[in-house]
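K.L.:
coords_29.cif (mmCIF, C-alpha atoms and all ligand atoms; chains and numbers go by the auth columns) pasted underneath:
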data_query
#
loop_
_atom_site.group_PDB
_atom_site.id
_atom_site.type_symbol
_atom_site.label_atom_id
_atom_site.label_comp_id
_atom_site.label_asym_id
_atom_site.label_seq_id
_atom_site.Cartn_x
_atom_site.Cartn_y
_atom_site.Cartn_z
_atom_site.B_iso_or_equiv
_atom_site.auth_seq_id
_atom_site.auth_asym_id
ATOM 1 C CA MET A 1 -50.708 117.013 29.092 0.00 260 S
ATOM 2 C CA LYS A 2 -52.792 118.599 26.374 0.00 261 S
ATOM 3 C CA VAL A 3 -51.822 117.662 22.828 0.00 262 S
ATOM 4 C CA GLY A 4 -53.071 119.118 19.530 0.00 263 S
ATOM 5 C CA LEU A 5 -53.522 117.225 16.273 0.00 264 S
ATOM 6 C CA ILE A 6 -54.061 119.110 13.027 0.00 265 S
ATOM 7 C CA SER A 7 -54.836 116.946 10.044 0.00 266 S
ATOM 8 C CA GLY A 8 -56.158 117.393 6.542 0.00 267 S
ATOM 9 C CA ARG A 9 -58.301 114.281 6.885 0.00 268 S
ATOM 10 C CA LYS A 10 -60.977 112.987 9.234 0.00 269 S
ATOM 11 C CA VAL A 11 -60.421 112.243 12.891 0.00 270 S
ATOM 12 C CA PRO A 12 -58.270 109.077 13.313 0.00 271 S
ATOM 13 C CA LYS A 13 -59.897 105.902 14.685 0.00 272 S
ATOM 14 C CA PHE A 14 -58.274 106.071 18.102 0.00 273 S
ATOM 15 C CA LEU A 15 -60.119 109.361 18.681 0.00 274 S
ATOM 16 C CA SER A 16 -63.512 108.059 17.584 0.00 275 S
ATOM 17 C CA LYS A 17 -64.955 108.471 21.091 0.00 276 S
ATOM 18 C CA CYS A 18 -64.561 112.222 21.143 0.00 277 S
ATOM 19 C CA GLU A 19 -66.637 115.218 22.065 0.00 278 S
ATOM 20 C CA GLU A 20 -67.078 118.040 19.586 0.00 279 S
ATOM 21 C CA MET A 21 -66.878 121.647 20.699 0.00 280 S
ATOM 22 C CA ARG A 22 -66.505 125.079 19.159 0.00 281 S
ATOM 23 C CA VAL A 23 -63.653 127.269 20.291 0.00 282 S
ATOM 24 C CA ASP A 24 -64.215 130.954 19.634 0.00 283 S
ATOM 25 C CA THR A 25 -61.056 132.889 18.872 0.00 284 S
ATOM 26 C CA GLU A 26 -60.444 136.424 17.620 0.00 285 S
ATOM 27 C CA TYR A 27 -59.707 134.757 14.253 0.00 286 S
ATOM 28 C CA GLY A 28 -63.000 132.857 14.054 0.00 287 S
ATOM 29 C CA SER A 29 -64.824 129.922 15.569 0.00 288 S
ATOM 30 C CA ILE A 30 -63.024 126.575 15.225 0.00 289 S
ATOM 31 C CA THR A 31 -64.460 123.043 15.493 0.00 290 S
ATOM 32 C CA VAL A 32 -62.343 120.992 17.895 0.00 291 S
ATOM 33 C CA LYS A 33 -62.818 117.321 18.783 0.00 292 S
ATOM 34 C CA VAL A 34 -61.567 116.283 22.203 0.00 293 S
ATOM 35 C CA ALA A 35 -60.718 112.802 23.515 0.00 294 S
ATOM 36 C CA GLU A 36 -58.609 111.232 26.265 0.00 295 S
ATOM 37 C CA VAL A 37 -55.615 109.128 25.169 0.00 296 S
ATOM 38 C CA GLY A 38 -53.218 107.531 27.666 0.00 297 S
ATOM 39 C CA GLY A 39 -53.910 110.140 30.330 0.00 298 S
ATOM 40 C CA HIS A 40 -53.573 113.044 27.899 0.00 299 S
ATOM 41 C CA SER A 41 -56.311 115.255 26.472 0.00 300 S
ATOM 42 C CA VAL A 42 -56.119 115.330 22.689 0.00 301 S
ATOM 43 C CA PHE A 43 -57.575 118.245 20.727 0.00 302 S
ATOM 44 C CA PHE A 44 -58.181 117.396 17.065 0.00 303 S
ATOM 45 C CA ILE A 45 -58.715 120.027 14.366 0.00 304 S
ATOM 46 C CA ASN A 46 -59.431 119.399 10.713 0.00 305 S
ATOM 47 C CA ARG A 47 -57.118 121.962 9.155 0.00 306 S
ATOM 48 C CA HIS A 48 -59.599 122.579 6.320 0.00 307 S
ATOM 49 C CA GLY A 49 -62.452 123.623 8.629 0.00 308 S
ATOM 50 C CA GLY A 50 -65.458 121.958 10.247 0.00 309 S
ATOM 51 C CA GLU A 51 -66.686 120.692 6.884 0.00 310 S
ATOM 52 C CA GLY A 52 -63.150 119.903 5.747 0.00 311 S
ATOM 53 C CA ASP A 53 -63.613 121.773 2.489 0.00 312 S
ATOM 54 C CA LEU A 54 -61.400 124.887 2.692 0.00 313 S
ATOM 55 C CA PRO A 55 -58.606 124.811 0.071 0.00 314 S
ATOM 56 C CA PRO A 56 -55.011 125.198 1.374 0.00 315 S
ATOM 57 C CA HIS A 57 -54.814 128.911 0.523 0.00 316 S
ATOM 58 C CA GLN A 58 -58.072 129.637 2.405 0.00 317 S
ATOM 59 C CA VAL A 59 -57.352 127.656 5.582 0.00 318 S
ATOM 60 C CA ASN A 60 -57.815 129.612 8.810 0.00 319 S
ATOM 61 C CA TYR A 61 -54.283 128.899 10.027 0.00 320 S
ATOM 62 C CA ARG A 62 -54.356 131.523 12.786 0.00 321 S
ATOM 63 C CA GLY A 63 -57.757 130.355 14.042 0.00 322 S
ATOM 64 C CA ASN A 64 -56.592 126.721 14.177 0.00 323 S
ATOM 65 C CA ILE A 65 -53.443 127.498 16.183 0.00 324 S
ATOM 66 C CA GLN A 66 -55.199 129.999 18.439 0.00 325 S
ATOM 67 C CA ALA A 67 -57.948 127.442 19.233 0.00 326 S
ATOM 68 C CA LEU A 68 -55.225 125.058 20.443 0.00 327 S
ATOM 69 C CA VAL A 69 -53.609 127.829 22.500 0.00 328 S
ATOM 70 C CA ALA A 70 -57.021 128.609 24.050 0.00 329 S
ATOM 71 C CA SER A 71 -57.349 124.885 24.884 0.00 330 S
ATOM 72 C CA HIS A 72 -53.962 125.059 26.742 0.00 331 S
ATOM 73 C CA VAL A 73 -52.238 122.667 24.343 0.00 332 S
ATOM 74 C CA SER A 74 -48.417 122.604 24.498 0.00 333 S
ATOM 75 C CA CYS A 75 -47.509 120.088 21.744 0.00 334 S
ATOM 76 C CA VAL A 76 -48.939 119.935 18.222 0.00 335 S
ATOM 77 C CA LEU A 77 -48.601 117.207 15.616 0.00 336 S
ATOM 78 C CA GLY A 78 -49.435 118.278 12.061 0.00 337 S
ATOM 79 C CA ILE A 79 -50.311 115.592 9.528 0.00 338 S
ATOM 80 C CA GLY A 80 -50.327 116.214 5.800 0.00 339 S
ATOM 81 C CA THR A 81 -49.953 114.701 2.366 0.00 340 S
ATOM 82 C CA VAL A 82 -47.031 115.639 0.105 0.00 341 S
ATOM 83 C CA GLY A 83 -45.438 114.804 -3.221 0.00 342 S
ATOM 84 C CA SER A 84 -41.822 113.650 -3.464 0.00 343 S
ATOM 85 C CA LEU A 85 -39.067 115.685 -5.160 0.00 344 S
ATOM 86 C CA ASN A 86 -36.417 113.094 -4.375 0.00 345 S
ATOM 87 C CA LEU A 87 -36.109 109.643 -5.992 0.00 346 S
ATOM 88 C CA MET A 88 -34.995 108.194 -2.637 0.00 347 S
ATOM 89 C CA ILE A 89 -38.440 109.094 -1.239 0.00 348 S
ATOM 90 C CA GLN A 90 -41.281 107.068 -2.712 0.00 349 S
ATOM 91 C CA PRO A 91 -45.108 107.105 -2.481 0.00 350 S
ATOM 92 C CA GLY A 92 -46.204 105.424 0.742 0.00 351 S
ATOM 93 C CA ASP A 93 -43.117 106.643 2.655 0.00 352 S
ATOM 94 C CA VAL A 94 -43.360 108.954 5.653 0.00 353 S
ATOM 95 C CA VAL A 95 -41.114 112.018 6.018 0.00 354 S
ATOM 96 C CA LEU A 96 -40.520 113.979 9.219 0.00 355 S
ATOM 97 C CA PRO A 97 -39.314 117.315 7.809 0.00 356 S
ATOM 98 C CA HIS A 98 -36.568 119.205 9.642 0.00 357 S
ATOM 99 C CA ASP A 99 -36.722 122.378 7.558 0.00 358 S
ATOM 100 C CA PHE A 100 -38.819 124.138 4.918 0.00 359 S
ATOM 101 C CA VAL A 101 -38.709 126.591 2.027 0.00 360 S
ATOM 102 C CA ASP A 102 -41.743 128.852 1.746 0.00 361 S
ATOM 103 C CA MET A 103 -42.963 129.503 -1.813 0.00 362 S
ATOM 104 C CA THR A 104 -46.483 130.566 -0.804 0.00 363 S
ATOM 105 C CA LYS A 105 -47.703 133.970 -1.917 0.00 364 S
ATOM 106 C CA ARG A 106 -50.717 135.340 -0.124 0.00 365 S
ATOM 107 C CA ARG A 107 -51.327 133.966 3.331 0.00 366 S
ATOM 108 C CA VAL A 108 -51.480 135.563 6.741 0.00 367 S
ATOM 109 C CA TYR A 109 -48.096 134.619 8.137 0.00 368 S
ATOM 110 C CA SER A 110 -48.040 136.039 11.645 0.00 369 S
ATOM 111 C CA PHE A 111 -49.981 136.767 14.818 0.00 370 S
ATOM 112 C CA PHE A 112 -47.919 139.957 15.149 0.00 371 S
ATOM 113 C CA ASP A 113 -49.444 142.585 12.893 0.00 372 S
ATOM 114 C CA THR A 114 -48.129 145.363 15.083 0.00 373 S
ATOM 115 C CA GLY A 115 -44.766 145.591 16.845 0.00 374 S
ATOM 116 C CA ARG A 116 -41.543 144.122 15.543 0.00 375 S
ATOM 117 C CA VAL A 117 -41.472 140.469 16.476 0.00 376 S
ATOM 118 C CA HIS A 118 -39.145 138.121 14.572 0.00 377 S
ATOM 119 C CA VAL A 119 -39.223 134.521 15.776 0.00 378 S
ATOM 120 C CA ASP A 120 -36.109 132.412 15.349 0.00 379 S
ATOM 121 C CA LEU A 121 -36.578 129.498 12.933 0.00 380 S
ATOM 122 C CA THR A 122 -33.012 128.164 13.043 0.00 381 S
ATOM 123 C CA VAL A 123 -34.630 124.946 14.286 0.00 382 S
ATOM 124 C CA PRO A 124 -38.110 125.221 12.729 0.00 383 S
ATOM 125 C CA PHE A 125 -39.560 122.000 14.197 0.00 384 S
ATOM 126 C CA CYS A 126 -39.484 120.873 17.824 0.00 385 S
ATOM 127 C CA PRO A 127 -36.526 118.449 18.174 0.00 386 S
ATOM 128 C CA PHE A 128 -38.129 116.747 21.200 0.00 387 S
ATOM 129 C CA LEU A 129 -41.402 116.037 19.419 0.00 388 S
ATOM 130 C CA ARG A 130 -39.652 114.966 16.198 0.00 389 S
ATOM 131 C CA SER A 131 -37.523 112.450 18.072 0.00 390 S
ATOM 132 C CA ARG A 132 -40.583 110.999 19.842 0.00 391 S
ATOM 133 C CA VAL A 133 -42.416 110.590 16.510 0.00 392 S
ATOM 134 C CA LEU A 134 -39.323 109.070 14.876 0.00 393 S
ATOM 135 C CA GLU A 135 -38.913 106.473 17.659 0.00 394 S
ATOM 136 C CA ARG A 136 -42.545 105.394 17.172 0.00 395 S
ATOM 137 C CA CYS A 137 -42.242 105.285 13.360 0.00 396 S
ATOM 138 C CA ARG A 138 -39.174 103.059 13.639 0.00 397 S
ATOM 139 C CA THR A 139 -41.074 100.485 15.690 0.00 398 S
ATOM 140 C CA MET A 140 -43.907 100.384 13.130 0.00 399 S
ATOM 141 C CA LYS A 141 -43.589 97.311 10.922 0.00 400 S
ATOM 142 C CA GLY A 142 -43.804 98.096 7.208 0.00 401 S
ATOM 143 C CA MET A 143 -43.310 101.838 7.627 0.00 402 S
ATOM 144 C CA SER A 144 -40.579 103.442 5.537 0.00 403 S
ATOM 145 C CA VAL A 145 -39.677 106.613 7.413 0.00 404 S
ATOM 146 C CA HIS A 146 -37.227 109.399 6.491 0.00 405 S
ATOM 147 C CA GLU A 147 -35.986 111.119 9.615 0.00 406 S
ATOM 148 C CA SER A 148 -35.408 114.449 7.904 0.00 407 S
ATOM 149 C CA GLY A 149 -36.248 116.329 4.742 0.00 408 S
ATOM 150 C CA VAL A 150 -36.831 119.824 3.413 0.00 409 S
ATOM 151 C CA TYR A 151 -40.506 120.588 2.712 0.00 410 S
ATOM 152 C CA VAL A 152 -41.159 123.093 -0.106 0.00 411 S
ATOM 153 C CA VAL A 153 -44.493 124.802 0.514 0.00 412 S
ATOM 154 C CA THR A 154 -46.484 125.963 -2.526 0.00 413 S
ATOM 155 C CA GLU A 155 -49.525 128.228 -2.674 0.00 414 S
ATOM 156 C CA GLY A 156 -51.879 125.882 -4.516 0.00 415 S
ATOM 157 C CA PRO A 157 -54.589 125.007 -4.993 0.00 416 S
ATOM 158 C CA ARG A 158 -53.158 123.937 -8.345 0.00 417 S
ATOM 159 C CA LEU A 159 -50.404 121.377 -8.473 0.00 418 S
ATOM 160 C CA GLU A 160 -46.959 122.381 -9.732 0.00 419 S
ATOM 161 C CA THR A 161 -45.513 122.417 -13.253 0.00 420 S
ATOM 162 C CA PRO A 162 -42.535 120.182 -14.170 0.00 421 S
ATOM 163 C CA ALA A 163 -40.297 123.280 -14.493 0.00 422 S
ATOM 164 C CA GLU A 164 -41.285 124.446 -11.002 0.00 423 S
ATOM 165 C CA ILE A 165 -40.541 120.974 -9.685 0.00 424 S
ATOM 166 C CA ARG A 166 -37.064 121.016 -11.271 0.00 425 S
ATOM 167 C CA MET A 167 -36.404 124.281 -9.417 0.00 426 S
ATOM 168 C CA TYR A 168 -37.837 122.952 -6.132 0.00 427 S
ATOM 169 C CA GLN A 169 -35.648 119.842 -6.442 0.00 428 S
ATOM 170 C CA THR A 170 -32.646 122.095 -5.915 0.00 429 S
ATOM 171 C CA TYR A 171 -34.126 123.222 -2.562 0.00 430 S
ATOM 172 C CA GLY A 172 -36.036 120.334 -1.133 0.00 431 S
ATOM 173 C CA ASP A 173 -37.200 116.752 -0.809 0.00 432 S
ATOM 174 C CA ILE A 174 -40.989 116.988 -0.610 0.00 433 S
ATOM 175 C CA VAL A 175 -43.651 119.427 -1.769 0.00 434 S
ATOM 176 C CA GLY A 176 -46.999 120.266 -0.200 0.00 435 S
ATOM 177 C CA MET A 177 -49.334 123.188 0.428 0.00 436 S
ATOM 178 C CA THR A 178 -50.176 123.453 4.113 0.00 437 S
ATOM 179 C CA LEU A 179 -47.072 123.536 6.309 0.00 438 S
ATOM 180 C CA VAL A 180 -46.723 127.335 6.141 0.00 439 S
ATOM 181 C CA PRO A 181 -47.882 129.323 8.016 0.00 440 S
ATOM 182 C CA GLU A 182 -48.983 126.579 10.447 0.00 441 S
ATOM 183 C CA VAL A 183 -45.460 125.767 11.680 0.00 442 S
ATOM 184 C CA VAL A 184 -44.557 129.460 11.984 0.00 443 S
ATOM 185 C CA LEU A 185 -47.699 130.392 13.931 0.00 444 S
ATOM 186 C CA ALA A 186 -47.121 127.462 16.292 0.00 445 S
ATOM 187 C CA ARG A 187 -43.617 128.805 17.015 0.00 446 S
ATOM 188 C CA GLU A 188 -44.951 132.350 17.510 0.00 447 S
ATOM 189 C CA ARG A 189 -47.251 130.940 20.184 0.00 448 S
ATOM 190 C CA GLY A 190 -44.455 128.924 21.816 0.00 449 S
ATOM 191 C CA LEU A 191 -45.935 125.538 20.924 0.00 450 S
ATOM 192 C CA CYS A 192 -43.867 122.444 20.179 0.00 451 S
ATOM 193 C CA TYR A 193 -44.692 121.445 16.601 0.00 452 S
ATOM 194 C CA ALA A 194 -43.708 118.450 14.458 0.00 453 S
ATOM 195 C CA SER A 195 -44.994 117.463 11.039 0.00 454 S
ATOM 196 C CA ILE A 196 -45.712 113.951 9.783 0.00 455 S
ATOM 197 C CA CYS A 197 -45.862 113.894 5.990 0.00 456 S
ATOM 198 C CA VAL A 198 -47.333 111.009 4.038 0.00 457 S
ATOM 199 C CA VAL A 199 -45.848 110.882 0.533 0.00 458 S
ATOM 200 C CA CYS A 200 -48.688 110.183 -1.896 0.00 459 S
ATOM 201 C CA ASN A 201 -47.045 110.711 -5.305 0.00 460 S
ATOM 202 C CA MET A 202 -43.899 111.710 -7.135 0.00 461 S
ATOM 203 C CA ALA A 203 -44.118 115.425 -7.980 0.00 462 S
ATOM 204 C CA ALA A 204 -45.242 116.769 -11.374 0.00 463 S
ATOM 205 C CA GLY A 205 -43.025 115.631 -14.239 0.00 464 S
ATOM 206 C CA MET A 206 -41.580 112.776 -12.162 0.00 465 S
ATOM 207 C CA GLN A 207 -44.576 110.573 -12.946 0.00 466 S
ATOM 208 C CA ALA A 208 -46.917 110.598 -15.973 0.00 467 S
ATOM 209 C CA SER A 209 -49.817 112.534 -14.356 0.00 468 S
ATOM 210 C CA LEU A 210 -51.244 113.377 -10.940 0.00 469 S
ATOM 211 C CA SER A 211 -54.757 112.955 -9.631 0.00 470 S
ATOM 212 C CA ALA A 212 -56.502 113.768 -6.355 0.00 471 S
ATOM 213 C CA ASP A 213 -57.867 110.200 -6.309 0.00 472 S
ATOM 214 C CA GLU A 214 -54.337 108.814 -6.263 0.00 473 S
ATOM 215 C CA ILE A 215 -53.320 111.119 -3.409 0.00 474 S
ATOM 216 C CA ILE A 216 -56.349 110.036 -1.338 0.00 475 S
ATOM 217 C CA GLN A 217 -55.836 106.372 -2.184 0.00 476 S
ATOM 218 C CA VAL A 218 -52.209 106.309 -1.014 0.00 477 S
ATOM 219 C CA PHE A 219 -53.111 108.241 2.136 0.00 478 S
ATOM 220 C CA ASN A 220 -55.959 105.812 2.891 0.00 479 S
ATOM 221 C CA GLU A 221 -53.590 102.859 2.521 0.00 480 S
ATOM 222 C CA LYS A 222 -51.279 104.394 5.137 0.00 481 S
ATOM 223 C CA LYS A 223 -53.765 105.989 7.488 0.00 482 S
ATOM 224 C CA SER A 224 -54.050 103.165 10.034 0.00 483 S
ATOM 225 C CA MET A 225 -50.245 103.068 10.360 0.00 484 S
ATOM 226 C CA VAL A 226 -50.097 106.847 10.775 0.00 485 S
ATOM 227 C CA SER A 227 -52.896 106.666 13.308 0.00 486 S
ATOM 228 C CA SER A 228 -50.921 104.085 15.354 0.00 487 S
ATOM 229 C CA VAL A 229 -47.839 106.310 15.250 0.00 488 S
ATOM 230 C CA LEU A 230 -49.890 109.249 16.504 0.00 489 S
ATOM 231 C CA GLU A 231 -51.491 107.231 19.295 0.00 490 S
ATOM 232 C CA ASP A 232 -48.146 105.755 20.429 0.00 491 S
ATOM 233 C CA THR A 233 -46.431 109.151 20.234 0.00 492 S
ATOM 234 C CA ILE A 234 -49.126 110.805 22.322 0.00 493 S
ATOM 235 C CA GLN A 235 -48.920 108.014 24.904 0.00 494 S
ATOM 236 C CA SER A 236 -45.138 108.442 25.093 0.00 495 S
ATOM 237 C CA LEU A 237 -45.318 112.167 25.882 0.00 496 S
ATOM 238 C CA ASP A 238 -44.511 113.465 29.311 0.00 497 S
ATOM 239 C CA ALA A 239 -44.236 116.951 30.702 0.00 498 S
ATOM 240 C CA GLN A 240 -40.412 116.833 30.592 0.00 499 S
ATOM 241 C CA ARG A 241 -39.416 118.855 27.565 0.00 500 S
ATOM 242 C CA THR A 242 -35.834 119.734 26.834 0.00 501 S
ATOM 243 C CA CYS A 243 -36.619 122.032 23.896 0.00 502 S
ATOM 244 C CA GLN A 244 -36.815 125.825 23.913 0.00 503 S
ATOM 245 C CA CYS A 245 -40.018 126.141 21.858 0.00 504 S
ATOM 246 C CA HIS A 246 -42.048 127.630 24.711 0.00 505 S
ATOM 247 C CA ARG A 247 -39.461 130.441 25.035 0.00 506 S
ATOM 248 C CA ALA A 248 -39.571 131.378 21.324 0.00 507 S
ATOM 249 C CA ILE A 249 -41.003 134.792 21.915 0.00 508 S
ATOM 250 C CA ASP A 250 -38.642 135.777 24.778 0.00 509 S
ATOM 251 C CA LYS A 251 -35.895 136.994 22.450 0.00 510 S
ATOM 252 C CA ALA A 252 -37.975 137.839 19.390 0.00 511 S
ATOM 253 C CA SER A 253 -38.971 141.482 19.976 0.00 512 S
ATOM 254 C CA LEU A 254 -36.844 144.339 18.606 0.00 513 S
HETATM 255 N N1 LIG B . -47.771 118.860 -4.699 0.00 601 S
HETATM 256 C C1 LIG B . -48.328 119.643 -3.739 0.00 601 S
HETATM 257 N N2 LIG B . -49.064 119.158 -2.762 0.00 601 S
HETATM 258 C C2 LIG B . -49.248 117.824 -2.698 0.00 601 S
HETATM 259 C C3 LIG B . -48.699 116.958 -3.656 0.00 601 S
HETATM 260 C C4 LIG B . -47.919 117.502 -4.704 0.00 601 S
HETATM 261 O O1 LIG B . -47.391 116.784 -5.596 0.00 601 S
HETATM 262 N N3 LIG B . -49.077 115.699 -3.316 0.00 601 S
HETATM 263 C C5 LIG B . -49.818 115.800 -2.179 0.00 601 S
HETATM 264 N N4 LIG B . -49.939 117.085 -1.803 0.00 601 S
#
Show me the file's structure as structure tokens.
Ligand code: HPA
P.N.:
Amino acid sequence: MKVGLISGRKVPKFLSKCEEMRVDTEYGSITVKVAEVGGHSVFFINRHGGEGDLPPHQVNYRGNIQALVASHVSCVLGIGTVGSLNLMIQPGDVVLPHDFVDMTKRRVYSFFDTGRVHVDLTVPFCPFLRSRVLERCRTMKGMSVHESGVYVVTEGPRLETPAEIRMYQTYGDIVGMTLVPEVVLARERGLCYASICVVCNMAAGMQASLSADEIIQVFNEKKSMVSSVLEDTIQSLDAQRTCQCHRAIDKASL
């Protein structure tokens, strides 16, 4: 099988023996690192570009997903950092979101700029992939995992205000900047997609102040555990999928 990994950080250790290539798409040229893991080909993309420096609102979301489509990937794991809106979810925890609320403002949200295509997001994340990730998280000693949660997506690049966070608390459990449109574009292309969110802080107003250093520090403390979860999940994948993700577009055209 061919599996995609999209992360905001560097390539995980288990992919260190990889080959780098450029995949040219109609949305731009994307740097992809390829490695073999447990009989599967893994295609790694740094969400923030080859240099890893594009802010969340400038990410080439369509290029990233299209590069995975061009590489014949069928399953995609997205890894990201988030803040917590919910006191039951603490820094260092991992959340596997089951739904999202989109508060972004100016991104390119679709591959379908012409025609009337409306993909169904009743089940926004692939249930098959989520359950595989959850099984692996549960076997990981010292990992505190939340099997569901609503991810509120903000435009960034600034962090939120305390008043915004009070509003978002009525909708969701975690807040971050990169899930949308990634998850939507994956569905439009019929890919299975699951998100693994590392909670790095309590959201604005829930702790005294926020800094990028703190976010990176918490992520770095958890990254070897997350890397093991990814490696085990990839090894557990087989071609038997019971989900309907690959048929997303069949009933989407008006
Ligand atoms: N808000 C938005 N994005 C984030 C946060 C946050 O508090 N923490 C990590 N990514």
K.L.:
Ligand LIG 601 (chain S): which residues are within 10 Å, counting all atoms listed in the file, as a CSV table (one decimal) with C-alpha atoms, in the frame of the given file?
P.N.:
chain,number,residue,atom,x,y,z
S,315,PRO,CA,-55.0,125.2,1.4
S,339,GLY,CA,-50.3,116.2,5.8
S,340,THR,CA,-50.0,114.7,2.4
S,341,VAL,CA,-47.0,115.6,0.1
S,342,GLY,CA,-45.4,114.8,-3.2
S,343,SER,CA,-41.8,113.6,-3.5
S,344,LEU,CA,-39.1,115.7,-5.2
S,350,PRO,CA,-45.1,107.1,-2.5
S,411,VAL,CA,-41.2,123.1,-0.1
S,412,VAL,CA,-44.5,124.8,0.5
S,413,THR,CA,-46.5,126.0,-2.5
S,414,GLU,CA,-49.5,128.2,-2.7
S,415,GLY,CA,-51.9,125.9,-4.5
S,416,PRO,CA,-54.6,125.0,-5.0
S,417,ARG,CA,-53.2,123.9,-8.3
S,418,LEU,CA,-50.4,121.4,-8.5
S,419,GLU,CA,-47.0,122.4,-9.7
S,420,THR,CA,-45.5,122.4,-13.3
S,424,ILE,CA,-40.5,121.0,-9.7
S,433,ILE,CA,-41.0,117.0,-0.6
S,434,VAL,CA,-43.7,119.4,-1.8
S,435,GLY,CA,-47.0,120.3,-0.2
S,436,MET,CA,-49.3,123.2,0.4
S,437,THR,CA,-50.2,123.5,4.1
S,456,CYS,CA,-45.9,113.9,6.0
S,457,VAL,CA,-47.3,111.0,4.0
S,458,VAL,CA,-45.8,110.9,0.5
S,459,CYS,CA,-48.7,110.2,-1.9
S,460,ASN,CA,-47.0,110.7,-5.3
S,461,MET,CA,-43.9,111.7,-7.1
S,462,ALA,CA,-44.1,115.4,-8.0
S,463,ALA,CA,-45.2,116.8,-11.4
S,464,GLY,CA,-43.0,115.6,-14.2
S,465,MET,CA,-41.6,112.8,-12.2
S,469,LEU,CA,-51.2,113.4,-10.9
S,470,SER,CA,-54.8,113.0,-9.6
S,471,ALA,CA,-56.5,113.8,-6.4
S,473,GLU,CA,-54.3,108.8,-6.3
S,474,ILE,CA,-53.3,111.1,-3.4
S,475,ILE,CA,-56.3,110.0,-1.3
S,477,VAL,CA,-52.2,106.3,-1.0
S,478,PHE,CA,-53.1,108.2,2.1
K.L.:
Rounded to one decimal, what separation in Å do you get between atom CA of Asp472 of chain S and atom CA of Ile265 of chain S?
P.N.:
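Taking atom CA of Asp472 of chain S and atom CA of Ile265 of chain S, their separation equals 21.6 Å.
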K.L.:
Run the PyMOL selection byres (((chain S and resi 322) around 7) and not hetatm) against the file shown and list the residues it catches, as an NGL selection string.
P.N.:
:S and (284 or 286-287 or 289 or 319-321 or 323-326)
K.L.:
Please evaluate the PyMOL selection byres (((chain S and resi 455) around 6) and not hetatm) against the displayed coordinates and give the resulting residues as an MDAnalysis selection string.
P.N.:
chainID S and resid 338 355 454 456
K.L.:
Give me the residues within 7 Å of Ala294 of chain S as a list in words, counting only C-alpha atoms and dropping any in the same chain fewer than 6 places off.
P.N.:
Leu274, Lys276, Cys277, Glu278, Ser300, Val301 and Phe302 of chain S
K.L.:
Find the residues around Phe387 of chain S up to 7 Å (all atoms listed in the file counted), leave out those fewer than 5 positions away in its own chain, and share them as a VMD selection string.
P.N.:
chain S and resid 500 to 502
K.L.:
Could you turn the residues from that selection into a file that holds C-alpha atoms, as a short mmCIF file (atom, residue, chain, number, x, y, z; two decimals), in the coordinates of the input?
P.N.:
data_model
loop_
_atom_site.label_atom_id
_atom_site.label_comp_id
_atom_site.auth_asym_id
_atom_site.auth_seq_id
_atom_site.Cartn_x
_atom_site.Cartn_y
_atom_site.Cartn_z
CA ARG S 500 -39.42 118.86 27.56
CA THR S 501 -35.83 119.73 26.83
CA CYS S 502 -36.62 122.03 23.90
#
K.L.:
Dig up all the protein and nucleic acid residues within 6 Å of (-40.8, 121.9, 14.1) in the file frame, using all atoms listed in the file, and format them as a list in words.
P.N.:
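The requested residues, written out, are Pro383, Phe384, Cys385, Tyr452 and Ala453 of chain S.
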K.L.:
Mind pulling up the distance from atom CA of Tyr430 of chain S to atom CA of Asp352 of chain S?
P.N.:
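Pair atom CA of Asp352 of chain S / atom CA of Tyr430 of chain S returns 19.6 Å.
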K.L.:
So that I can check the surroundings of segment 489-499 of chain S, please list as a PyMOL selection string every protein, DNA and RNA residue that reaches within 6 Å of it, counting only C-alpha atoms and ignoring chain neighbours fewer than 2 positions away.
P.N.:
chain S and resi 297+392+486-487
K.L.:
Would you mind telling me which residue in S:Ala467, S:Leu327, S:Leu513, S:Cys396 lies nearest to Leu450 of chain S when using only C-alpha atoms?
P.N.:
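That would be S:Leu327, the residue with the smallest distance to Leu450 of chain S.
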K.L.:
Record the distance separating atom CA of Met426 of chain S and atom CA of Val367 of chain S, expressed in Å with one decimal.
P.N.:
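Going from atom CA of Met426 of chain S over to atom CA of Val367 of chain S, I get 24.8 Å.
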K.L.:
If you keep N, CA and C atoms, can you output segment 377-383 of chain S as a compact mmCIF listing (two decimals), in the first residue's frame?
P.N.:
# COMPACT_ATOMS: atom_id res chain seq x y z
N HIS S 377 -20.31 18.83 -4.15
CA HIS S 377 -20.48 19.06 -2.71
C HIS S 377 -20.19 17.77 -1.96
N VAL S 378 -18.98 17.60 -1.45
CA VAL S 378 -18.67 16.33 -0.79
C VAL S 378 -19.36 16.24 0.57
N ASP S 379 -19.74 15.03 0.91
CA ASP S 379 -20.41 14.76 2.19
C ASP S 379 -19.35 14.70 3.29
N LEU S 380 -19.56 15.49 4.35
CA LEU S 380 -18.64 15.46 5.50
C LEU S 380 -19.39 15.04 6.77
N THR S 381 -20.42 14.22 6.60
CA THR S 381 -21.14 13.71 7.78
C THR S 381 -20.16 12.96 8.68
N VAL S 382 -19.24 12.22 8.05
CA VAL S 382 -18.16 11.56 8.80
C VAL S 382 -16.86 12.13 8.21
N PRO S 383 -16.35 13.23 8.80
CA PRO S 383 -15.26 13.96 8.14
C PRO S 383 -13.93 13.20 8.08
